[in-house]
Every structure is written in structure tokens, then in C-alpha cells.
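*Asks:* I am attaching a structure below and will ask some questions about it afterwards.
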Amino acid sequence: TGAGSNTTASFPVGVKAGIGVAAKEGYHIKYVVADTGTSPTGALTGAQKLVEQDHVFAVLLTSVVGFGAAPYLASQGIPVIGCACDSTEWITDRNMFSVIGTQDYTKVQTTYGLFLKAHGATNMGTVGYGIEPASEDAAKDAALSAEHEGIKVGYINTNFPLGSTNVAPIALAMK
């Protein structure tokens with residue numbers, strides 16, 4: 001639930017489908033779902049429920065606020081498999097395994113600036129979600145990469161509310 005629910009609503013359905021395939025191959029897997037409410041505190045509460053009440057042996061995680069649960073899950077030795085899309089815990093915590101690889105969003109990549117320059121960009125704006133550290137860092141990184149290639153960065157906003165559809169103020173600010 002919460003502002004980020006539209007990005008992960010189908011995740012439990014996919015897990016259920018995968019468990020169905022595994023069952024046909026003779027594996028019997030049980031699962032329970034925890035809801036983060038799209039808040040770091042909610043992620044921690046959900047993780048504590050999974051470990052202390054449901055006694056899970058692993059967590060499948062896809063959430064922009066998973067970083068709220070990461071220290072607790074690491075301290076409990078619970079393996080976490082999921083999408084490294086929220087913060088740097090996927091790089092630093094030995095119990096976290098990303099299915100999409102990891103990217104250190106605190107490091108600037110030259111790719112953005114090189115791509116924009118190659119396609120004639122002279123001015124750019126960048127936006128990130130304030131609730132998600134990786135999104136904030138990615139927005140800043142894109143701006144630095146562009147500046148490195150001589151592209152003007154006319155607008156940076158790293159606090160866009162997750163789930164908001166009101167982009168008019170941003171469009172006007174960029175203009």
C-alpha cells in the first residue's frame with residue numbers, strides 16, 4: 001500500500017506463479033506477504049513480522065523503502081533476494097542478493113552526460129523521489145555527469161513526492 005504500491009502490486013502475483021511452477025516440479029514452498037506501506041518504518045515493521053511471527057527463512061524484497069528493513073534483516077542473518085533499486089544496502093550487506101545486479105548510486109557515471117552530449121543536449125533537468133535514496137542519488141549523478149560534458153543543468157529536484165501525478169510545477173520550473 002502507500003504511494004509506491006503501483007510499482008510492486010504485481011510482485012505477489014509473480015511469486016505465487018513461480019511457486020506454482022515449483023510445485024509442479026515437486027517443491028513445496030509457502031509464502032507470506034508483508035506490506036511496507038511505502039515507508040521505511042513500515043518496511044522494518046514488515047520485516048520484523050516476517051522473522052519473529054512468520055519465521056521465514058528468506059525474504060523476497062522489491063520496494064523503494066527496503067533500506068528501512070535491511071539492517072534488521074542483516075542482523076538476523078536472513079537472506080534477501082530482490083531488486084536493488086532503493087539504496088546502497090544491496091552493495092554493502094552480505095545477505096542481500098539482487099536479481100538485477102547492483103549499481104552504486106553514490107558514484108557518478110559518465111554514461112548520462114556522454115549520451116546526452118552525443119544527441120545534442122545543451123540543457124537538462126533531473127528529478128528524483130525524495131523517499132528513495134537511490135532515486136535522489138541518481139538524479140544528482142545524472143546532473144553531475146551532464147555538467148562534466150559541458151551540458152547546463154537548469155533544474156534539479158531530488159524531493160519529488162513518490163506517487164504524485166502533479167508534474168505541472170516541475171515542468172514550469174524547468175521551462
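Labels for the C-alpha cells follow display order: chains A, B, ..., residues from 1 in each chain, ligands from 1.
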Would you please give, as a PDB file with N, CA, C and O atoms, in the first residue's frame, all residues of range 76-141 of chain A that DSSP assigns to helix (DSSP H, G or I) based on the backbone?
*Replies:*
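After the write, selection.pdb holds the following:
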```pdb
ATOM      1  N   GLU A  89      22.333  -0.650   0.388  1.00  0.00           N
ATOM      2  CA  GLU A  89      22.440  -1.870   1.193  1.00  0.00           C
ATOM      3  C   GLU A  89      22.685  -3.114   0.348  1.00  0.00           C
ATOM      4  O   GLU A  89      23.253  -4.091   0.811  1.00  0.00           O
ATOM      5  N   TRP A  90      22.285  -3.074  -0.897  1.00  0.00           N
ATOM      6  CA  TRP A  90      22.493  -4.221  -1.787  1.00  0.00           C
ATOM      7  C   TRP A  90      23.975  -4.409  -2.103  1.00  0.00           C
ATOM      8  O   TRP A  90      24.402  -5.487  -2.495  1.00  0.00           O
ATOM      9  N   ILE A  91      24.755  -3.360  -1.947  1.00  0.00           N
ATOM     10  CA  ILE A  91      26.198  -3.426  -2.177  1.00  0.00           C
ATOM     11  C   ILE A  91      26.928  -3.766  -0.883  1.00  0.00           C
ATOM     12  O   ILE A  91      27.898  -4.515  -0.879  1.00  0.00           O
ATOM     13  N   THR A  92      26.457  -3.230   0.229  1.00  0.00           N
ATOM     14  CA  THR A  92      27.194  -3.334   1.486  1.00  0.00           C
ATOM     15  C   THR A  92      26.801  -4.515   2.371  1.00  0.00           C
ATOM     16  O   THR A  92      27.611  -4.984   3.156  1.00  0.00           O
ATOM     17  N   THR A 111      28.161   7.912 -18.389  1.00  0.00           N
ATOM     18  CA  THR A 111      27.246   7.491 -19.454  1.00  0.00           C
ATOM     19  C   THR A 111      26.169   8.523 -19.746  1.00  0.00           C
ATOM     20  O   THR A 111      25.898   8.820 -20.914  1.00  0.00           O
ATOM     21  N   TYR A 112      25.541   9.069 -18.715  1.00  0.00           N
ATOM     22  CA  TYR A 112      24.445  10.013 -18.941  1.00  0.00           C
ATOM     23  C   TYR A 112      24.926  11.226 -19.742  1.00  0.00           C
ATOM     24  O   TYR A 112      24.329  11.607 -20.740  1.00  0.00           O
ATOM     25  N   GLY A 113      25.978  11.848 -19.281  1.00  0.00           N
ATOM     26  CA  GLY A 113      26.486  13.034 -19.961  1.00  0.00           C
ATOM     27  C   GLY A 113      26.950  12.746 -21.370  1.00  0.00           C
ATOM     28  O   GLY A 113      26.677  13.522 -22.295  1.00  0.00           O
ATOM     29  N   LEU A 114      27.664  11.642 -21.559  1.00  0.00           N
ATOM     30  CA  LEU A 114      28.134  11.275 -22.895  1.00  0.00           C
ATOM     31  C   LEU A 114      26.968  11.045 -23.845  1.00  0.00           C
ATOM     32  O   LEU A 114      26.988  11.495 -25.003  1.00  0.00           O
ATOM     33  N   PHE A 115      25.937  10.354 -23.375  1.00  0.00           N
ATOM     34  CA  PHE A 115      24.758  10.088 -24.201  1.00  0.00           C
ATOM     35  C   PHE A 115      24.061  11.391 -24.576  1.00  0.00           C
ATOM     36  O   PHE A 115      23.736  11.622 -25.742  1.00  0.00           O
ATOM     37  N   LEU A 116      23.828  12.241 -23.580  1.00  0.00           N
ATOM     38  CA  LEU A 116      23.134  13.499 -23.848  1.00  0.00           C
ATOM     39  C   LEU A 116      23.926  14.383 -24.810  1.00  0.00           C
ATOM     40  O   LEU A 116      23.364  14.972 -25.736  1.00  0.00           O
ATOM     41  N   LYS A 117      25.223  14.471 -24.592  1.00  0.00           N
ATOM     42  CA  LYS A 117      26.070  15.284 -25.476  1.00  0.00           C
ATOM     43  C   LYS A 117      26.046  14.733 -26.896  1.00  0.00           C
ATOM     44  O   LYS A 117      25.926  15.495 -27.859  1.00  0.00           O
ATOM     45  N   ALA A 118      26.129  13.418 -27.034  1.00  0.00           N
ATOM     46  CA  ALA A 118      26.123  12.786 -28.365  1.00  0.00           C
ATOM     47  C   ALA A 118      24.820  13.036 -29.111  1.00  0.00           C
ATOM     48  O   ALA A 118      24.794  13.010 -30.335  1.00  0.00           O
ATOM     49  N   PRO A 133      16.558   6.876  -1.470  1.00  0.00           N
ATOM     50  CA  PRO A 133      17.925   7.372  -1.610  1.00  0.00           C
ATOM     51  C   PRO A 133      18.537   7.135  -2.994  1.00  0.00           C
ATOM     52  O   PRO A 133      19.214   8.011  -3.531  1.00  0.00           O
ATOM     53  N   ALA A 134      18.296   5.983  -3.590  1.00  0.00           N
ATOM     54  CA  ALA A 134      18.868   5.705  -4.900  1.00  0.00           C
ATOM     55  C   ALA A 134      18.331   6.664  -5.957  1.00  0.00           C
ATOM     56  O   ALA A 134      19.060   7.083  -6.864  1.00  0.00           O
ATOM     57  N   SER A 135      17.070   7.029  -5.852  1.00  0.00           N
ATOM     58  CA  SER A 135      16.477   7.957  -6.811  1.00  0.00           C
ATOM     59  C   SER A 135      17.071   9.353  -6.657  1.00  0.00           C
ATOM     60  O   SER A 135      17.389  10.025  -7.647  1.00  0.00           O
ATOM     61  N   GLU A 136      17.232   9.788  -5.418  1.00  0.00           N
ATOM     62  CA  GLU A 136      17.879  11.081  -5.158  1.00  0.00           C
ATOM     63  C   GLU A 136      19.292  11.096  -5.735  1.00  0.00           C
ATOM     64  O   GLU A 136      19.689  12.041  -6.428  1.00  0.00           O
ATOM     65  N   ASP A 137      20.055  10.048  -5.416  1.00  0.00           N
ATOM     66  CA  ASP A 137      21.446   9.973  -5.882  1.00  0.00           C
ATOM     67  C   ASP A 137      21.519   9.906  -7.404  1.00  0.00           C
ATOM     68  O   ASP A 137      22.383  10.538  -8.017  1.00  0.00           O
ATOM     69  N   ALA A 138      20.625   9.143  -8.025  1.00  0.00           N
ATOM     70  CA  ALA A 138      20.640   9.024  -9.480  1.00  0.00           C
ATOM     71  C   ALA A 138      20.357  10.372 -10.145  1.00  0.00           C
ATOM     72  O   ALA A 138      20.972  10.709 -11.161  1.00  0.00           O
ATOM     73  N   ALA A 139      19.448  11.142  -9.570  1.00  0.00           N
ATOM     74  CA  ALA A 139      19.138  12.467 -10.124  1.00  0.00           C
ATOM     75  C   ALA A 139      20.356  13.384 -10.028  1.00  0.00           C
ATOM     76  O   ALA A 139      20.700  14.093 -10.987  1.00  0.00           O
ATOM     77  N   LYS A 140      21.028  13.355  -8.881  1.00  0.00           N
ATOM     78  CA  LYS A 140      22.236  14.172  -8.711  1.00  0.00           C
ATOM     79  C   LYS A 140      23.349  13.710  -9.636  1.00  0.00           C
ATOM     80  O   LYS A 140      24.061  14.524 -10.238  1.00  0.00           O
ATOM     81  N   ASP A 141      23.514  12.385  -9.756  1.00  0.00           N
ATOM     82  CA  ASP A 141      24.561  11.818 -10.607  1.00  0.00           C
ATOM     83  C   ASP A 141      24.372  12.204 -12.070  1.00  0.00           C
ATOM     84  O   ASP A 141      25.330  12.523 -12.771  1.00  0.00           O
TER      85      ASP A 141
END
```
*Asks:* So which bits of range 9-149 of chain A end up strand (DSSP E or B) when you DSSP the backbone, as a PDB file with N, CA and C atoms, in the first residue's frame?
*Replies:*
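Output below, filename part.pdb:
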```pdb
ATOM      1  N   VAL A  59      13.698 -13.652   2.550  1.00  0.00           N
ATOM      2  CA  VAL A  59      12.765 -12.592   2.175  1.00  0.00           C
ATOM      3  C   VAL A  59      12.978 -12.244   0.708  1.00  0.00           C
ATOM      4  N   LEU A  60      11.880 -12.184  -0.031  1.00  0.00           N
ATOM      5  CA  LEU A  60      11.894 -11.645  -1.390  1.00  0.00           C
ATOM      6  C   LEU A  60      11.471 -10.197  -1.256  1.00  0.00           C
ATOM      7  N   LEU A  61      12.290  -9.282  -1.749  1.00  0.00           N
ATOM      8  CA  LEU A  61      12.047  -7.859  -1.496  1.00  0.00           C
ATOM      9  C   LEU A  61      12.116  -7.055  -2.778  1.00  0.00           C
ATOM     10  N   VAL A  80      18.145 -12.064   1.665  1.00  0.00           N
ATOM     11  CA  VAL A  80      17.181 -11.200   0.990  1.00  0.00           C
ATOM     12  C   VAL A  80      17.476 -11.264  -0.511  1.00  0.00           C
ATOM     13  N   ILE A  81      16.468 -11.615  -1.280  1.00  0.00           N
ATOM     14  CA  ILE A  81      16.592 -11.694  -2.740  1.00  0.00           C
ATOM     15  C   ILE A  81      15.600 -10.700  -3.313  1.00  0.00           C
ATOM     16  N   GLY A  82      16.050  -9.882  -4.251  1.00  0.00           N
ATOM     17  CA  GLY A  82      15.122  -8.920  -4.817  1.00  0.00           C
ATOM     18  C   GLY A  82      15.770  -7.958  -5.774  1.00  0.00           C
ATOM     19  N   MET A  96      22.243  -9.733   1.080  1.00  0.00           N
ATOM     20  CA  MET A  96      21.320  -9.221   0.065  1.00  0.00           C
ATOM     21  C   MET A  96      21.812  -9.586  -1.329  1.00  0.00           C
ATOM     22  N   PHE A  97      20.895 -10.180  -2.117  1.00  0.00           N
ATOM     23  CA  PHE A  97      21.226 -10.685  -3.441  1.00  0.00           C
ATOM     24  C   PHE A  97      20.237 -10.116  -4.456  1.00  0.00           C
ATOM     25  N   SER A  98      20.747  -9.266  -5.334  1.00  0.00           N
ATOM     26  CA  SER A  98      19.893  -8.605  -6.307  1.00  0.00           C
ATOM     27  C   SER A  98      19.763  -9.436  -7.576  1.00  0.00           C
ATOM     28  N   ASN A 123      20.992  21.554 -22.394  1.00  0.00           N
ATOM     29  CA  ASN A 123      20.424  21.916 -21.107  1.00  0.00           C
ATOM     30  C   ASN A 123      19.551  20.756 -20.644  1.00  0.00           C
ATOM     31  N   MET A 124      19.622  20.417 -19.368  1.00  0.00           N
ATOM     32  CA  MET A 124      18.798  19.317 -18.874  1.00  0.00           C
ATOM     33  C   MET A 124      18.245  19.631 -17.498  1.00  0.00           C
ATOM     34  N   GLY A 125      17.212  18.890 -17.143  1.00  0.00           N
ATOM     35  CA  GLY A 125      16.657  18.917 -15.803  1.00  0.00           C
ATOM     36  C   GLY A 125      16.598  17.489 -15.302  1.00  0.00           C
ATOM     37  N   THR A 126      16.618  17.326 -14.003  1.00  0.00           N
ATOM     38  CA  THR A 126      16.587  15.986 -13.435  1.00  0.00           C
ATOM     39  C   THR A 126      15.726  15.980 -12.175  1.00  0.00           C
ATOM     40  N   VAL A 127      15.013  14.855 -11.984  1.00  0.00           N
ATOM     41  CA  VAL A 127      14.070  14.733 -10.883  1.00  0.00           C
ATOM     42  C   VAL A 127      14.277  13.383 -10.196  1.00  0.00           C
ATOM     43  N   GLY A 128      14.228  13.374  -8.879  1.00  0.00           N
ATOM     44  CA  GLY A 128      14.316  12.133  -8.108  1.00  0.00           C
ATOM     45  C   GLY A 128      13.282  12.120  -7.000  1.00  0.00           C
ATOM     46  N   TYR A 129      12.912  10.934  -6.568  1.00  0.00           N
ATOM     47  CA  TYR A 129      11.962  10.786  -5.463  1.00  0.00           C
ATOM     48  C   TYR A 129      12.687  10.980  -4.144  1.00  0.00           C
TER      49      TYR A 129
END
```
*Asks:* Between A:Tyr27, A:Tyr105, A:Phe67, A:Tyr72, single out the one closest to Gln48 in chain A, counting only C-alpha atoms.
*Replies:*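 Nearest candidate to Gln48 in chain A out of A:Tyr27, A:Tyr105, A:Phe67, A:Tyr72: A:Tyr72.
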*Asks:* What lies within 8 Å of Gly46 in chain A using only C-alpha atoms, ignoring chain neighbours under 2 positions off, as a list in words?
*Replies:*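 Surrounding residues, per the criterion: Ala34, Asp35, Thr36, Gly42, Ala43, Leu44, Gln48, Lys49, Leu50 and Ala69 of chain A.
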*Asks:* Please provide the set of residues having any atom within 10 Å of Ser5 in chain A, restricted to only C-alpha atoms, with same-chain residues fewer than 2 positions apart removed, written as a list of chain:residue names.
*Replies:*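 Within the cut-off, the hits are A:Thr1, A:Gly2, A:Ala3, A:Thr7, A:Thr8, A:Ala9, A:Ser10, A:Asp35, A:Thr36, A:Gly37, A:Thr38, A:Ser63, A:Val64, A:Leu162, A:Gly163.
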*Asks:* Closest to Gly154 in chain A among A:Lys30, A:Ala121, A:Phe11, A:Cys85, using only C-alpha atoms?
*Replies:*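 Using only C-alpha atoms, the shortest distance to Gly154 in chain A belongs to A:Ala121.
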*Asks:* Expressed in Å to a single decimal, how great is the separation between CA of Gln53 in chain A and CA of Asp93 in chain A?
*Replies:*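 Computing the Euclidean distance for CA of Gln53 in chain A and CA of Asp93 in chain A yields 23.4 Å.
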*Asks:* So what do you get for CA of Thr102 in chain A versus CA of Pro40 in chain A, distance-wise?
*Replies:*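 Between these atoms lies a distance of 20.1 Å.
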*Asks:* Kindly indicate which residue among A:Thr165, A:Asn95, A:Thr122, A:Asn157 lies nearest to Pro79 in chain A, using only C-alpha atoms for the distances.
*Replies:*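 Nearest to Pro79 in chain A: A:Asn95.
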*Asks:* From the list A:Lys107, A:Gly14, A:Ala47, A:Glu132, which residue is nearest Ala84 in chain A when using only C-alpha atoms?
*Replies:* A:Glu132
*Asks:* I need the residue nearest Phe160 in chain A from this list: A:Gly130, A:Ala143, A:Lys175, A:Val56. Use only C-alpha atoms for the distance.
*Replies:* A:Gly130
*Asks:* Can you work out the spacing between CA of Ile170 in chain A and CA of Asn6 in chain A in Å, to one decimal?
*Replies:* 21.5 Å
*Asks:* For Thr62 in chain A, which residue among A:Val21, A:Leu172, A:Val13, A:Cys83 is the nearest when counting only C-alpha atoms?
*Replies:*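 Counting only C-alpha atoms, the residue closest to Thr62 in chain A is A:Cys83.
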